[in-house]
Structure formats: C-alpha cells, structure tokens
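Please read the structure below before turning to the comments.
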Amino acid sequence: MVLQNHVILQDNQPARMHFTDHHIEARTITDPNTLQPAIRRTLVFNVDRLNGIPTQAVLSTMAENLASQFAPYLEDKSYVNYEVIVTQRGVGYTRKWTVQFIPFSK
Amino acid sequence: MARKTQQVETRLVAEYVKVNYSQFPAITNQPLGVVSAELMAEIGYSKAISMSRPNRPEVDAIVLLPRYFLIIEGKVWHIVDGMAKLPFYASLIPVTPELKEYQPREVIMELVVPWTNPNLEIMCREHNIQLRVYKPDWISDVVNRVTEYSTREYRLAREEKLRNRELLGLE
C-alpha cells in the first residue's frame, strides 16, 4: 500500500493509474493573477492503483484541457474499464497532458 | 475572471475515440518526432523530452490497432489545416521515442469533422486520409454560439452573464 493521499504529477514522468470513482467539487483558490479568492470546479478521481501498486489516493485537476480528455468517460464511469497513463508537460497556461487509455483486464 | 474558453476539439476527439475504439489502447495529445540522442545522453531522457517540446508537434490521438497506428486529428474550424497536418505527422511516427515499444505498425490516418464538403472528400481521398463525420448533439450549440458571437446582442448578453457569474461566485 502506497502512503500517499494525492497523486502529484511530475513533468514528463508518466503516472499509470486506475480510477474507481470521481466527483466534481468546488474549491476556493487564490487566483495567481489577481491574488483574490476564486471558486473553481475541480475534477477529482479516486485512485486505487498507482504505477502497479495498490493505493488509496486522489488525482484532482482544475484544467479544462485535461478534464476534457476524460469527459466522455465520466457519465457512465467507464474509466473503471481502463488503466490510464497521464504524462504532464510544461508549466502554467502552456501545460499539457498526454493521456493513454489502456483497456483494463482484471 | 470567469471562464471564457472551451475545449471543443479535445472533447470531440476524446468522445470519438471512446465511441469508436474503446476496446483498443489510445493516446491523446501525443508529441511526435525525434529527441536528440546527444541531448538525452547529456541531460537524461526526461529533461531531453522536455527541452524538445517546442520542436515536437502533437497529434490529437493515436489508437493502437493490432497492426496499425491510427492517427487522428479532430477539427471543428480550420478543417483543411487538420487534414494537411496528418501526412506530416505520419512521417514522424517511426522516429517518436515514446512509440518505440509499439513498433512495428503501419500508419493510417483519420480526420474527424462534424461536417464535410465534396472538396474535402477529394483531398482526403487523394492523400489516403479517412474522413469521418462525427457530429454529437452538443456541437451544434457550440457552432451556433460562435456564429452568433460577432453580433452585438450576443456579446452584450454574454458580458452580462460573465459579470453575473463573478458576482454570484459561480466561476
């Protein structure tokens, strides 16, 4: 069991995960430009396996680009049928994600 | 500030891949092309990949079919741009280090669009690109919004909506 509550994506390091559930929550953040508090919708996945090791953690993102890649899998929660490899690249507004969906066999 | 953009083509491609190829491994936003071997030896694989980023175009999606790399570009606007990129992207597949483990596979190409026209079909046929029309219900709303965007009424209504979102703390 990996003792890690949040999956932190590292630049150019693929993270292989299996998701069991998700929810969308509102979080209050400090806007880095205005330094004012702002409410942002966040997509949160429950992760039960990280890089092949059982875990109980969450992966969260406020980035619409990344969330859009998961969007078709949310309504029917069909992401449970895949292992997902997410690779993050870049910083700030130029950050992007490569997402690989691998059909999952139990 | 309230949100002003929407990832339309990302959503279109992700949905298209799920609907049509859910049984196969698929990769979205994959950078393509070589990463200098000297650079990798000097600063390591991860940093070399990172430094090469500006020189590596990204294909919207790759589906790993048993015998083929199926590369997919999705376009809602500037459709010809999407079509034109595909043959060039195909030439980079054999030298992309991230795809090395899936070689050897031949490359086939698909252009995913919500609508088509006869000239587009001719150009795609000529360049061995499969043209796929995929038009989910939500795409019409997006297109209508963009069409209306240039009208004064729409801009005023949208500005008011964004103001209200901020006042109510919805964004």
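Ordering of the structure tokens sets the chain letters (A, B, ...); residue numbers start at 1 within each chain; ligands are numbered from 1 in the order shown.
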
Residues of chain A within 7 Å of chain B, counting only C-alpha atoms, what are they? List them as a count of residues only.
16

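Closest approach to A:Val80 among A:Gly52, A:Met17, A:Met62, A:Asp11: A:Met17, based on only C-alpha atoms.
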
At most 8 Å is the cut-off: for each residue in stretch 64-96 of chain B with any atom that close to an atom of stretch 117-136 of chain B, write down the nearest atom pair and the distance in Å rounded to one decimal, counting only C-alpha atoms, chain first then increasing number, as a Markdown table.
| residue | atom | partner | partner_atom | distance |
| --- | --- | --- | --- | --- |
| B:Val80 | CA | B:Leu120 | CA | 7.4 |
| B:Met83 | CA | B:Cys124 | CA | 7.1 |
| B:Leu86 | CA | B:Ile129 | CA | 7.9 |
| B:Pro87 | CA | B:His127 | CA | 7.6 |

Could you write out that same residue set with N, CA and C atoms as a short mmCIF file (atom, residue, chain, number, x, y, z; two decimals), in the first residue's frame?
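Final output, part30.cif:
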data_model
loop_
_atom_site.label_atom_id
_atom_site.label_comp_id
_atom_site.auth_asym_id
_atom_site.auth_seq_id
_atom_site.Cartn_x
_atom_site.Cartn_y
_atom_site.Cartn_z
N VAL B 80 -9.23 22.21 -43.08
CA VAL B 80 -8.16 21.85 -44.02
C VAL B 80 -6.81 21.80 -43.29
N MET B 83 -6.44 18.38 -41.85
CA MET B 83 -6.16 17.38 -42.89
C MET B 83 -4.69 17.48 -43.34
N LEU B 86 -1.92 15.77 -41.11
CA LEU B 86 -1.85 14.32 -40.89
C LEU B 86 -0.70 13.61 -41.63
N PRO B 87 -0.49 13.85 -42.94
CA PRO B 87 0.62 13.15 -43.61
C PRO B 87 1.98 13.50 -43.01
#

9 Å contact set for stretch 96-106 of chain B, only C-alpha atoms, chain neighbours under 4 positions out, as an NGL selection string:
:B and (30-35 or 64-70 or 92)

DSSP on the backbone, strand (DSSP E) only: what residues of chain A does that give? Format it as a ChimeraX atom specification.
/A:15-30,37-50,53-61,82-89,96-103

Write out as number ranges by chain each polymer residue whose atoms come within 9 Å of A:Asn5, counting only C-alpha atoms; drop sequence neighbours fewer than 6 positions from it.
A: 55-59

Could you turn the residues from that selection into a file that holds N, CA and C atoms, as a PDB file, in the first residue's frame?
ATOM      1  N   THR A  55      -3.102   1.566  -3.871  1.00  0.00           N
ATOM      2  CA  THR A  55      -3.034   2.819  -3.122  1.00  0.00           C
ATOM      3  C   THR A  55      -4.452   3.299  -2.837  1.00  0.00           C
ATOM      4  N   GLN A  56      -4.585   4.300  -1.991  1.00  0.00           N
ATOM      5  CA  GLN A  56      -5.852   4.997  -1.812  1.00  0.00           C
ATOM      6  C   GLN A  56      -5.516   6.475  -1.893  1.00  0.00           C
ATOM      7  N   ALA A  57      -5.711   7.030  -3.052  1.00  0.00           N
ATOM      8  CA  ALA A  57      -5.305   8.418  -3.254  1.00  0.00           C
ATOM      9  C   ALA A  57      -6.301   9.093  -4.193  1.00  0.00           C
ATOM     10  N   VAL A  58      -6.123  10.384  -4.390  1.00  0.00           N
ATOM     11  CA  VAL A  58      -6.962  11.092  -5.355  1.00  0.00           C
ATOM     12  C   VAL A  58      -6.078  11.834  -6.348  1.00  0.00           C
ATOM     13  N   LEU A  59      -6.594  11.952  -7.556  1.00  0.00           N
ATOM     14  CA  LEU A  59      -5.974  12.805  -8.569  1.00  0.00           C
ATOM     15  C   LEU A  59      -6.977  13.910  -8.850  1.00  0.00           C
TER      16      LEU A  59
END
